[in-house]
2 protein chains.
Amino acid sequence: MRFLNYFLPVLKASPKEAEISSHSLMLRAALIRQQSSGIYSWLPLGKRVLDKLCKLVREEQNRAGAIEILMPTIQPASLWRESGRYDSYGKEMLRIQDRQNRDMLYGPTNEELVTDIVRSYVRSHKDLPLNLYQIQWKFRDEIRPRFGIMRAREFLMKDAYSFDCDSAGARASYNRMFVAYLRVFARIGLVAIPISADSGPIGGDMSHEFIILSQVGESSVVCDQKYFDMRIPSAEIDFSDKKKIASIVCEWTDPYAATEDMHPEALADLSARNRISARGIEVGHLFSFGTKYSNPMCARFIGIDGKNYPFFMGSYGMGLSRLVGAVVESSHDKKGIIWPKAIAPFDVGIINLKPGDVLCDRFADSCYQQLENAGIDCLLDDRNEQSGSKFATMDLIGLPLQIIIGPRNVLKGEIEIKDRKNNQGEVFSLDAMINRVTAKQ
Amino acid sequence: MRFLNYFLPVLKASPKEAEISSHSLMLRAALIRQQSSGIYSWLPLGKRVLDKLCKLVREEQNRAGAIEILMPTIQPASLWRESGRYDSYGKEMLRIQDRQNRDMLYGPTNEELVTDIVRSYVRSHKDLPLNLYQIQWKFRDEIRPRFGIMRAREFLMKDAYSFDCDSAGARASYNRMFVAYLRVFARIGLVAIPISADSGPIGGDMSHEFIILSQVGESSVVCDQKYFDMRIPSAEIDFSDKKKIASIVCEWTDPYAATEDMHPEALADLSARNRISARGIEVGHLFSFGTKYSNPMCARFIGIDGKNYPFFMGSYGMGLSRLVGAVVESSHDKKGIIWPKAIAPFDVGIINLKPGDVLCDRFADSCYQQLENAGIDCLLDDRNEQSGSKFATMDLIGLPLQIIIGPRNVLKGEIEIKDRKNNQGEVFSLDAMINRVTAKQ
């Protein structure tokens, strides 16, 4: 993409409504724009990040055997009356009446709706286990939205729902999602601590939150520092190997981790040397709740013995729009965002320091074309702006690699590559640069 | 994908609520499921079709220079009060109050919201033209939803919005979208007739509907049969060549086409030989409305002469969920759907007629693996079902190519390929089949 053909309205000043770095940086880098309290538009650069994250999450959900569907945002209240949650959910549920005065709602979560789908198609134990997921917008009418998309009202969530014959099967499904989550967070450069959690309004008997340590987190966490040295399950892992998957879950739930409100005695359990006390952001939540929804909603299958049983269920949420905020919060410096490669909006930023200069233009175009042809997403800054302003913009939007094309270097046939993370530059010939960049990807 | 690991709950009987073929077929092939009047879930097979269509539409929007963003589904009423549409829009608008009693709404279209985005970032004529598009769910509270996703309340729409300095620029932006639309419809095998249209609640002075002829259409159309022989603009076309783009629009608006309510005298204008009278489904709508929104919303830029001017705007909608229905409506037979390659949920369906038979399994697995490795999406029917039921399912879901692996053929080292469209089969060796199928894609 060429900057002059793009819509990337970066802001020079930090907007005053931003209380935290990620919110400020996301506004300044023109990733998002607030439309109403807790409701955001995603501008072109932000949309690209969100798309890359969605693609990565789909890969990991599919790998773990989940199947993608898409449920509507507007749901009938009748389903929530069946489960009993219509009255109990409270004011975070956005309740709506349509023109026929039917009670509807904007889904804050989808246990009821997906249970309705499965009960109407699945008859037999032979069709189980089944895990259906979607990536869809949700609405929770937070009393105090803040921190940009970190605590928004309309937010993008990946939600998966598993259906099994019995609690052992449900546990295996839960474990698969646990491992899939570990892989997602690791791939975007985050260490997420799994913490045994209260199951809140979703309900159930087993639950883990995945929490990323951050000064701006809403909860207080105590955990073993081992978590920062642990190995992530490989992409080659066999998700049908229940024992192997269970052993990974064991390994990741063995070191101590708790939110302070859950375990006020936590401090006693860890030697001071290994203890990390910090604030944390919740980015994922797993629930296993057996027959909590299938029972009242009469969602049943015929077992091996010919009798009817309710499905054993679990649900698995991951806040995707929030996760973008969490990545920015955990990966930035004074100058701007530092995207992990996996979800960078473009892989490479090319700065043409002197558009109009024949040699600079030729180098910039050749570089852009060759990298694009090699499947590398490039943003070429071809604006007539001061060098300082171009450097500042490129640092602000945080693409992993910068290629700097200036009039003095091109005379020698050279261009500079700079790593956004460590700010180190190296000078190469054009061909050597192309080889290097394409090899790195 | 292997059928046994998939969720594809096809229905044997035609559901009684379906009034038209596409609705019935989409329910039977488990593409969609109704959750409430006019509100649908997309099951795995349907989600794949929708994804492929979105990808194709993005390609054509990007090619024409539009830039993707994503706006929220819930909008503040305040923006619609600025334009004056909050009161005039009527009961199709789903109006909502949040917990703070603020008036909100579920966007039925986004002129106001996108104008708000552009007015807050774009200051100068140098930043124009600009065309921002999104693919997002919309809600219109139809009094009488029917025909499945063809006339739904919650529906997926691609909506683009152009911003120009003057009416000539706006016309060029309009023309680019016109040509992009021609390419989308052609790529999914539809002939869409552009018809000069009433601009309705969007407003403006120029408007075209794109209409697909179909017995179940909501409007009555008279058009020249030339439309069915016209050449589609090539993918290589240069969208920056305004004259070329304008000439294509001329060519496509020259033959007679009108809805009967717009031109009751239409019948007189065409010789009987060239005249087609039919019903039609609207699948896209272009509007050019100048300063209708920018004026009341004070969305202005600084022109070359240093003075302030309101943006000249247009908007361009395409009903993506509806388009899936339109494709099914126009491409099916008694046995089921016949997907055009471009949006088929899988490219190839492999039927293993005798799972458990060593040779059949070996051929089926080898075939599946080789095609998947070549980037061809396969659905392998590995169920223990009667052959007749497998054939019926494969015909129903309508994948373009079927590969049939049966115990007699494999003894001779052979497998059969069948074209869903013409039902013609040919027998090949495994290697020859792989070569043939990969070459065809």
# chains A, B, ... in the order shown; residues from 1 in each chain; ligands from 1
>>> select_by_dssp(residues="region 56-137 of chain B", states="alpha helix (DSSP H)", output="JSON, numbers by chain")
{"B": [56, 57, 58, 59, 60, 61, 62, 63, 77, 78, 79, 80, 81, 82, 83, 85, 86, 87, 88, 111, 112, 113, 114, 115, 116, 117, 118, 119, 120, 121]}
>>> residues_around(residues="Ala29 (chain B)", least_positions_apart="2", cutoff="8 Å", atoms="only C-alpha atoms", output="PDB file with N, CA and C atoms, in the first residue's frame")
ATOM      1  N   LEU B   8     -22.211 -30.959   9.491  1.00  0.00           N
ATOM      2  CA  LEU B   8     -22.952 -30.694   8.264  1.00  0.00           C
ATOM      3  C   LEU B   8     -24.293 -31.434   8.327  1.00  0.00           C
ATOM      4  N   PRO B   9     -25.189 -30.912   9.160  1.00  0.00           N
ATOM      5  CA  PRO B   9     -26.446 -31.638   9.423  1.00  0.00           C
ATOM      6  C   PRO B   9     -27.495 -31.379   8.338  1.00  0.00           C
ATOM      7  N   VAL B  10     -27.273 -32.009   7.161  1.00  0.00           N
ATOM      8  CA  VAL B  10     -28.224 -31.816   6.058  1.00  0.00           C
ATOM      9  C   VAL B  10     -29.590 -32.393   6.440  1.00  0.00           C
ATOM     10  N   LEU B  11     -30.627 -31.817   5.867  1.00  0.00           N
ATOM     11  CA  LEU B  11     -31.989 -32.267   6.162  1.00  0.00           C
ATOM     12  C   LEU B  11     -32.524 -33.071   4.972  1.00  0.00           C
ATOM     13  N   LEU B  25     -33.359 -24.958  -0.153  1.00  0.00           N
ATOM     14  CA  LEU B  25     -32.055 -25.605  -0.361  1.00  0.00           C
ATOM     15  C   LEU B  25     -31.033 -25.159   0.673  1.00  0.00           C
ATOM     16  N   MET B  26     -31.075 -23.894   1.047  1.00  0.00           N
ATOM     17  CA  MET B  26     -30.104 -23.412   2.037  1.00  0.00           C
ATOM     18  C   MET B  26     -30.352 -24.033   3.406  1.00  0.00           C
ATOM     19  N   LEU B  27     -31.622 -24.281   3.725  1.00  0.00           N
ATOM     20  CA  LEU B  27     -31.925 -24.973   4.984  1.00  0.00           C
ATOM     21  C   LEU B  27     -31.525 -26.447   4.881  1.00  0.00           C
ATOM     22  N   LEU B  31     -26.807 -24.709   5.356  1.00  0.00           N
ATOM     23  CA  LEU B  31     -26.011 -23.490   5.230  1.00  0.00           C
ATOM     24  C   LEU B  31     -26.406 -22.490   6.304  1.00  0.00           C
ATOM     25  N   THR B 393     -26.456 -36.372  -0.821  1.00  0.00           N
ATOM     26  CA  THR B 393     -25.890 -35.283  -0.019  1.00  0.00           C
ATOM     27  C   THR B 393     -24.945 -34.439  -0.857  1.00  0.00           C
ATOM     28  N   LEU B 396     -26.802 -32.338  -3.228  1.00  0.00           N
ATOM     29  CA  LEU B 396     -27.519 -31.287  -2.504  1.00  0.00           C
ATOM     30  C   LEU B 396     -26.607 -30.107  -2.167  1.00  0.00           C
ATOM     31  N   ILE B 397     -25.410 -30.406  -1.644  1.00  0.00           N
ATOM     32  CA  ILE B 397     -24.536 -29.303  -1.215  1.00  0.00           C
ATOM     33  C   ILE B 397     -23.796 -28.676  -2.394  1.00  0.00           C
TER      34      ILE B 397
END
>>> residues_around(residues="Val221 (chain B)", least_positions_apart="4", cutoff="12 Å", atoms="only C-alpha atoms", output="MDAnalysis selection string")
chainID B and resid 192:197 209:215 217 225 256:264 266:267 275:282
>>> closest_atom_pairs(of="chain B", to="chain A", cutoff="9 Å", atoms="only C-alpha atoms", output="Markdown table")
| residue | atom | partner | partner_atom | distance |
| --- | --- | --- | --- | --- |
| B:Leu4 | CA | A:Asp127 | CA | 8.0 |
| B:Asn5 | CA | A:Gly65 | CA | 7.8 |
| B:Tyr6 | CA | A:Ile67 | CA | 7.1 |
| B:Phe7 | CA | A:Ile67 | CA | 7.4 |
| B:Pro9 | CA | A:Tyr121 | CA | 6.2 |
| B:Val10 | CA | A:Tyr121 | CA | 8.9 |
| B:Arg33 | CA | A:Ile117 | CA | 7.8 |
| B:Gln35 | CA | A:Gln75 | CA | 7.3 |
| B:Ser36 | CA | A:Pro76 | CA | 6.4 |
| B:Ile39 | CA | A:Pro72 | CA | 6.7 |
| B:Tyr40 | CA | A:Pro72 | CA | 6.1 |
| B:Ser41 | CA | A:Met71 | CA | 4.4 |
| B:Trp42 | CA | A:Leu70 | CA | 4.9 |
| B:Leu43 | CA | A:Ile69 | CA | 4.9 |
| B:Pro44 | CA | A:Ile69 | CA | 4.9 |
| B:Leu45 | CA | A:Ile69 | CA | 8.3 |
| B:Gly46 | CA | A:Ile69 | CA | 8.1 |
| B:Lys47 | CA | A:Ile69 | CA | 5.9 |
| B:Arg48 | CA | A:Glu68 | CA | 8.6 |
| B:Gly65 | CA | A:Asn5 | CA | 7.8 |
| B:Ile67 | CA | A:Pro44 | CA | 6.8 |
| B:Glu68 | CA | A:Pro44 | CA | 5.7 |
| B:Ile69 | CA | A:Pro44 | CA | 4.9 |
| B:Leu70 | CA | A:Trp42 | CA | 4.9 |
| B:Met71 | CA | A:Ser41 | CA | 4.4 |
| B:Pro72 | CA | A:Ser41 | CA | 5.7 |
| B:Thr73 | CA | A:Glu154 | CA | 8.1 |
| B:Ile74 | CA | A:Ile39 | CA | 7.6 |
| B:Gln75 | CA | A:Gln35 | CA | 7.3 |
| B:Pro76 | CA | A:Ser36 | CA | 6.4 |
| B:Lys91 | CA | A:Arg99 | CA | 6.6 |
| B:Glu92 | CA | A:Arg99 | CA | 7.9 |
| B:Met93 | CA | A:Arg99 | CA | 8.9 |
| B:Leu94 | CA | A:Asp98 | CA | 6.6 |
| B:Arg95 | CA | A:Ile96 | CA | 7.8 |
| B:Ile96 | CA | A:Ile96 | CA | 5.9 |
| B:Gln97 | CA | A:Ile96 | CA | 7.8 |
| B:Asp98 | CA | A:Leu94 | CA | 6.6 |
| B:Arg99 | CA | A:Lys91 | CA | 6.6 |
| B:Gln100 | CA | A:Ile143 | CA | 8.3 |
| B:Leu113 | CA | A:Gln35 | CA | 7.9 |
| B:Asp116 | CA | A:Gln35 | CA | 8.6 |
| B:Ile117 | CA | A:Arg33 | CA | 7.8 |
| B:Tyr121 | CA | A:Pro9 | CA | 6.2 |
| B:Val122 | CA | A:Pro9 | CA | 7.9 |
| B:Asp127 | CA | A:Leu4 | CA | 8.0 |
| B:Leu130 | CA | A:Phe7 | CA | 7.8 |
| B:Leu132 | CA | A:Phe7 | CA | 8.5 |
| B:Trp137 | CA | A:Thr73 | CA | 8.4 |
| B:Phe139 | CA | A:Ile74 | CA | 8.9 |
| B:Asp141 | CA | A:Arg99 | CA | 6.9 |
| B:Glu142 | CA | A:Arg99 | CA | 8.7 |
| B:Ile143 | CA | A:Arg99 | CA | 7.7 |
| B:Glu154 | CA | A:Pro72 | CA | 7.2 |
| B:Phe155 | CA | A:Pro72 | CA | 8.9 |
>>> write_last_selection(atoms="C-alpha atoms", output="CSV table (one decimal), in the first residue's frame")
chain,number,residue,atom,x,y,z
B,4,LEU,CA,-16.9,-37.3,10.3
B,5,ASN,CA,-15.0,-34.4,11.8
B,6,TYR,CA,-17.4,-31.8,10.4
B,7,PHE,CA,-20.8,-30.4,11.3
B,9,PRO,CA,-26.4,-31.6,9.4
B,10,VAL,CA,-28.2,-31.8,6.1
B,33,ARG,CA,-30.6,-21.8,10.4
B,35,GLN,CA,-33.1,-18.1,15.0
B,36,SER,CA,-35.9,-15.7,15.0
B,39,ILE,CA,-32.5,-13.6,11.8
B,40,TYR,CA,-30.2,-16.4,10.9
B,41,SER,CA,-27.2,-18.4,12.0
B,42,TRP,CA,-24.7,-19.4,9.4
B,43,LEU,CA,-23.7,-23.0,9.8
B,44,PRO,CA,-20.2,-24.2,8.9
B,45,LEU,CA,-20.9,-24.8,5.2
B,46,GLY,CA,-22.7,-21.5,4.8
B,47,LYS,CA,-20.0,-19.6,6.7
B,48,ARG,CA,-17.5,-20.9,4.2
B,65,GLY,CA,-9.2,1.9,-4.8
B,67,ILE,CA,-10.0,1.2,1.6
B,68,GLU,CA,-11.5,-1.2,4.2
B,69,ILE,CA,-12.5,0.0,7.7
B,70,LEU,CA,-15.0,-1.4,10.2
B,71,MET,CA,-17.7,0.6,11.8
B,72,PRO,CA,-19.7,-0.5,14.9
B,73,THR,CA,-23.2,-2.0,14.6
B,74,ILE,CA,-24.5,0.2,17.3
B,75,GLN,CA,-24.6,3.9,16.6
B,76,PRO,CA,-25.5,7.0,18.6
B,91,LYS,CA,-39.9,1.7,11.7
B,92,GLU,CA,-37.3,-0.2,9.9
B,93,MET,CA,-34.7,1.4,12.1
B,94,LEU,CA,-34.1,-0.7,15.3
B,95,ARG,CA,-34.1,1.9,18.0
B,96,ILE,CA,-32.4,1.1,21.3
B,97,GLN,CA,-31.9,2.8,24.6
B,98,ASP,CA,-28.8,2.0,26.6
B,99,ARG,CA,-28.6,1.7,30.4
B,100,GLN,CA,-27.9,5.5,30.6
B,113,LEU,CA,-21.2,7.5,10.8
B,116,ASP,CA,-18.4,11.7,11.0
B,117,ILE,CA,-15.2,9.8,10.6
B,121,TYR,CA,-9.7,13.6,9.9
B,122,VAL,CA,-9.8,15.0,6.4
B,127,ASP,CA,-6.6,13.9,0.8
B,130,LEU,CA,-11.3,8.9,-0.6
B,132,LEU,CA,-14.0,3.9,2.6
B,137,TRP,CA,-23.9,-6.7,9.8
B,139,PHE,CA,-30.3,-4.5,10.8
B,141,ASP,CA,-36.7,-4.3,11.0
B,142,GLU,CA,-38.7,-5.5,7.9
B,143,ILE,CA,-42.4,-5.8,8.6
B,154,GLU,CA,-30.1,-8.9,10.2
B,155,PHE,CA,-28.0,-9.1,7.1
>>> closest_residue(among="B:Arg119, B:Ser387, B:Val222, B:Ala342", to="Cys298 (chain B)", atoms="only C-alpha atoms")
B:Arg119
>>> select_by_dssp(residues="region 21-158 of chain A", states="strand (DSSP E or B)", output="PyMOL selection string")
chain A and resi 32-36+39-42+67-68+70+74-76+94-97+103-106+124+130-139+146+151+154-158
>>> closest_residue(among="A:Gly349, A:Ala152, A:Ile403, A:Arg408", to="Leu380 (chain A)", atoms="only C-alpha atoms")
A:Gly349
>>> residues_around(residues="region 54-58 of chain A", least_positions_apart="6", cutoff="8 Å", atoms="only C-alpha atoms", output="PyMOL selection string")
chain A and resi 135+184+320+342
>>> closest_residue(among="B:Glu112, B:Asp103, B:Asp395, B:Asp159", to="Arg85 (chain B)", atoms="only C-alpha atoms")
B:Glu112
>>> residues_around(residues="Gly204 (chain B)", least_positions_apart="4", cutoff="10 Å", atoms="only C-alpha atoms", output="PyMOL selection string")
chain B and resi 198-200+287-293+313-315
>>> residues_around(residues="His285 (chain A)", least_positions_apart="2", cutoff="6 Å", atoms="only C-alpha atoms", output="ChimeraX atom specification")
/A:208-209,316-317
>>> residues_around(residues="Tyr181 (chain B)", least_positions_apart="4", cutoff="9 Å", atoms="only C-alpha atoms", output="PDB file with C-alpha atoms, in the first residue's frame")
ATOM      1  CA  VAL B  57     -15.747  -8.636  -2.863  1.00  0.00           C
ATOM      2  CA  GLU B  60     -12.731  -6.029  -6.228  1.00  0.00           C
ATOM      3  CA  GLN B  61     -13.243  -3.151  -3.784  1.00  0.00           C
ATOM      4  CA  ARG B 176     -15.373   3.028 -10.302  1.00  0.00           C
ATOM      5  CA  MET B 177     -17.855   1.342  -7.969  1.00  0.00           C
ATOM      6  CA  PHE B 185     -21.449 -10.260 -10.090  1.00  0.00           C
ATOM      7  CA  ALA B 186     -19.740 -11.737 -13.138  1.00  0.00           C
ATOM      8  CA  ALA B 192     -26.781  -8.187 -12.973  1.00  0.00           C
ATOM      9  CA  PHE B 210     -28.146  -3.944  -9.855  1.00  0.00           C
ATOM     10  CA  GLY B 284     -26.578  -3.849  -5.155  1.00  0.00           C
ATOM     11  CA  MET B 318     -24.097  -4.728  -1.806  1.00  0.00           C
TER      12      MET B 318
END
>>> closest_residue(among="B:Phe178, B:Phe312, B:Glu416, B:Glu236", to="Asp205 (chain B)", atoms="only C-alpha atoms")
B:Phe312
